[in-house]
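**Student:** Pasting a structure here, questions to come.
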Amino acid sequence: MDYKEIIASYADKPGGIIEAFHAVQSQLSYLPREVIAEAAQVFNIPVSEAYGVASFYSMFSTEPRGKNIIRICESAPCHVAGAAEVVQALERELGIFMGESTADGLFALEFTECVGQCQATPVITINGEPYLDVNAATIPGILAKYR
Amino acid sequence: MINLTIDGINVSVSKGSTILQAAREVGIYLPTLCWHPDQAVKANCRVCVCEVEGNRLLQAGCSTPVTEGMVVKTKTPQVIEARRTILELILSNHPQDCLNCIRNQNCELQDLANEYMIRDNPFELKVRGYKLDRSTPSIVRDQDKCILCRRCIDACSVTQSVFALGVEGRGVNSMVVPTMGLPLMESPCVLCGQCIHACPVGAIYENEQIDEFLAAVADPDKIVVTQIAPAIRLAIGEEVGMNTGELPMEVFVTGLRQMGFDHVLHTNFTADLTILEEGNELLNRLKEGGTLPMFTSCSPGWINFCETFYPDLLDNLSTCKSPQQMFGSLVKTYWAEKMGIDPAKIYSVSIMPCTAKKYEASRPEMNSSGYRDVDLVLTTREIGRLFRMSGMDFNQLPPSDFDSWMGKYTGAAVIFGATGGVMEAALRTVYEVVTEQELKDVNFTGVRGMEGIKEAAVDLNGTEVKVAIAHGLSNARKLMDQVRSGESPYHFIEIMACPGGCIGGGGQPLTKANKKRAERIEAIYVEDEGMPIRKSHENPEVKIIYDEFLHEPLGHKSHELLHTHYHAKNKRYL
């Protein structure tokens, strides 16, 4: 679906702009300016306000980024369980640093706060899907599914 | 009424009042930064915190409503310590270069840091490191200085309905940015400068061009000529330690000569001329079925607004240039000829209450004299700084007169500086032109004052002409939506972008409350009352320019020099 149709499908929902942004982002992996401007028009608010919404939530990105969004938990339990090694493994495997995207546009690396799976740390999520008890050795296998 | 005590003093205030309002009733002033007398409560800076008995935590005075029997303490050690910590935190990412700051000694944060004795800030200074935004010719933004109070956003959104400013990001990383985080010039900003008045610190200010002026004065080949806008005289006193309206015009003129202006002329002259051109344009449109209602075109912030948000209504705008630009094209043609001066040598400087005028002067079409019509625009505040650095004592300066041919003006021109003034000036002339009878009472008091939208009807030989006046662009928007939907009952609409009109312009002495604007308006009508001539068409120099040069209103020469065209701005994001 084209982003205009996606946004239009939320037009009648109160506060629907946030849901519309989620829906568009799941297709494009970020919110381009045209999307923010279109949403402003559909929800009848100034563009400056729509941009405020898009830039407020850490789940939204207003900058282009890789298609598969890998988030690693930086909260204390994962940290204690060795999240730093997982970060290193991800960076090595993908050839990018945290906060960057791969040149082929396939992956983006981001930190996240606790995702509520502290029984099986360290935790990463890829496109919202949690992977539990990860370590440096299991990373290549997990990434292979998305290549 | 609600009864409470503040610092042991009994106070009775109406229901719905806040602690801050109640405290002021008994002369207790809470410190504030995000609070603004003409805006909604934001309660984000927290510097007004107080102790309220029964509450574990300190409460923000600006947003806490009073309750019956409430006991408030505003100056306990706990309160003072909390306020100091709040200030220290705000200062922890605020550049500490007060000496170089345009708002040095006129800064609400600096005042509070001084009052609360902030000496050794325990928090490490971490300046955010943004680049200055110099994308517009009018306004500069220094985001490093921003304290995120959001008063500028309120001015831009609520007062002006421009919505060029918003917040990007969240928490410690949040920042006030133009639409989409783009440079200001790419946002829908109309350059009115009301955000400058709203800013408590030095995060938004005018593009200062004093050095360009000094360079022109130093150049022996340049003849520096000035024009002064109607709203300047009464406000400039505020910049040199006098009351509003207290500095006499003739002394102001002497001050300008002392600063190096070779010829001191007056925009009021072209304000009178505007009335003749615009008044006749209105009569033509009424007679020949032209586009109505006609909109005034003196306010460049308003022109930017119309070109940005109402490009479908550009035909309604009067084609008259603003008085500043009429003056610019005439000073290098008519005046140069009359004075026997080579127009190439003329450096024309206008003194304006307005930041948008800097942009207007730089418009590519504003060169009908064959040169750039207005070389430099200085705001009232910039002239105030020039005066202060010169060390002049205005109580001792002798008076002097304006120079000839474009220096005479009437009371009608004087009131151009206030909302409703252009309309009143136009009515004074149009009435006499149409009815060929003398107007007995020149005071159209119905069009005066700070009410957002005003209307009036005038009987012109049996034809009723309906007029409306709006100041502040959110009020203008209401009238424009009416015009767009075809429901506007009016023939003539005056719009000034800034609240109160030019007297509250973005270049005027910093105006912390609308109350000040009302004071300036009063001063302007006092000046009008005192003028020997109060109708534009009776200005003797205006008569001369039509006899010798322009020949008739809306004639060939007028069209060439005094009228213009408008262009849709096509901004990408509104």
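For the structure tokens, the naming scheme is as follows: chains receive sequential letters (A, B, ...) according to their order of presentation, residues are indexed from 1 within each chain, and ligands are indexed from 1 in presentation order.
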Any chance you could list, as a ChimeraX atom specification, the residues in stretch 320-543 of chain B that come up strand (DSSP E or B) when DSSP is run on the backbone?

**Tutor:** /B:320,346-352,376-379,453-460,463-471,492-496

**Student:** Fewer than 6 positions away in the same chain doesn't count, so skip those; otherwise give me all residues within 6 Å of stretch 160-168 of chain B, counting only C-alpha atoms, as a list in words.

**Tutor:**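 Non-adjacent residues within range: Ser48, Gly52 and Ser55 of chain A; Ile153, Ser174, Met175, Val176, Val177, Pro178, Thr179, Ser187, Pro188, Cys189, Gly472, Leu473 and Ser474 of chain B.
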
**Student:** Using only C-alpha atoms, which of B:Thr76, B:Ser157, B:Asn100, B:Gln258 sits nearest chain A?

**Tutor:** B:Ser157

**Student:** Give the answer as one residue: which of A:Glu91, A:Glu34, A:Glu19, A:Asp133 has the shortest atom-to-atom distance to chain B, using only C-alpha atoms?

**Tutor:**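 Going through A:Glu91, A:Glu34, A:Glu19, A:Asp133 one by one, the smallest distance to chain B is for A:Glu34.
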
**Student:** Which residues are close to stretch 539-541 of chain B, i.e. within 7 Å by only C-alpha atoms, leaving aside same-chain residues fewer than 6 positions away? Reply as a PyMOL selection string.

**Tutor:** chain B and resi 405-406+408-410

**Student:** Can you write just those residues out, N, CA and C atoms, as a compact mmCIF listing (two decimals), in the first residue's frame?

**Tutor:**
```txt
# COMPACT_ATOMS: atom_id res chain seq x y z
N TRP B 405 11.30 68.00 1.01
CA TRP B 405 10.67 67.31 -0.12
C TRP B 405 10.10 65.94 0.24
N MET B 406 10.66 65.28 1.22
CA MET B 406 10.05 64.03 1.63
C MET B 406 10.11 63.92 3.15
N LYS B 408 7.75 66.13 5.18
CA LYS B 408 6.51 66.63 5.80
C LYS B 408 5.48 65.51 5.91
N TYR B 409 4.68 65.59 6.97
CA TYR B 409 3.68 64.54 7.15
C TYR B 409 2.51 65.05 7.96
N THR B 410 1.43 64.27 7.97
CA THR B 410 0.20 64.66 8.66
C THR B 410 -0.09 63.68 9.80
```

**Student:** Need the shell around stretch 1-5 of chain A: protein/DNA/RNA residues with any atom at most 8 Å away, counting only C-alpha atoms. Skip same-chain ones fewer than 5 positions apart. Format as a list in words?

**Tutor:**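 Skipping anything fewer than 5 positions along the chain leaves Val24, Val35 and Glu38 of chain A.
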
**Student:** What are the residues of chain A lining chain B at 8 Å or less? Count only C-alpha atoms, and put the answer as a PDB file with C-alpha atoms, in the first residue's frame.

**Tutor:**
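Resulting contents of iface35.pdb:
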```pdb
ATOM      1  CA  ARG A  33       9.294  14.186   5.436  1.00  0.00           C
ATOM      2  CA  ALA A  37       3.573  16.350   5.855  1.00  0.00           C
ATOM      3  CA  PRO A  46       0.442  21.979  11.422  1.00  0.00           C
ATOM      4  CA  VAL A  47       3.470  20.169   9.995  1.00  0.00           C
ATOM      5  CA  SER A  48       5.591  21.482  12.887  1.00  0.00           C
ATOM      6  CA  GLU A  49       3.328  19.579  15.294  1.00  0.00           C
ATOM      7  CA  TYR A  51       7.100  16.555  13.130  1.00  0.00           C
ATOM      8  CA  GLY A  52       7.104  17.028  16.906  1.00  0.00           C
ATOM      9  CA  SER A  55      10.592  13.046  16.548  1.00  0.00           C
ATOM     10  CA  PHE A  56       9.326  12.612  20.142  1.00  0.00           C
ATOM     11  CA  TYR A  57       8.983   8.831  20.237  1.00  0.00           C
TER      12      TYR A  57
END
```

**Student:** Would you pick out the contacts of stretch 94-106 of chain A at 8 Å or less, using only C-alpha atoms, so that residues sharing its chain but fewer than 4 positions from it are not included, and give the list as a ChimeraX atom specification?

**Tutor:** /A:65-68,87,90,110-111,147

**Student:** Show me, as a list in words, the residues that have an atom within 7 Å of A:Cys78 when counting only C-alpha atoms, minus same-chain residues fewer than 6 positions from it.

**Tutor:** Thr121, Pro122 and Val123 of chain A

**Student:** Go ahead and save the residues from that selection, with N, CA and C atoms, as an mmCIF file, in the first residue's frame.

**Tutor:**
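This is the output file part.cif:
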```cif
data_model
loop_
_atom_site.group_PDB
_atom_site.id
_atom_site.type_symbol
_atom_site.label_atom_id
_atom_site.label_comp_id
_atom_site.auth_asym_id
_atom_site.auth_seq_id
_atom_site.Cartn_x
_atom_site.Cartn_y
_atom_site.Cartn_z
ATOM 1 N N THR A 121 18.379 -13.061 29.750
ATOM 2 C CA THR A 121 19.251 -12.006 29.242
ATOM 3 C C THR A 121 20.519 -12.599 28.643
ATOM 4 N N PRO A 122 21.254 -11.896 27.779
ATOM 5 C CA PRO A 122 20.879 -10.643 27.127
ATOM 6 C C PRO A 122 19.794 -10.846 26.059
ATOM 7 N N VAL A 123 19.082 -9.755 25.788
ATOM 8 C CA VAL A 123 17.959 -9.820 24.847
ATOM 9 C C VAL A 123 18.202 -8.864 23.691
#
```
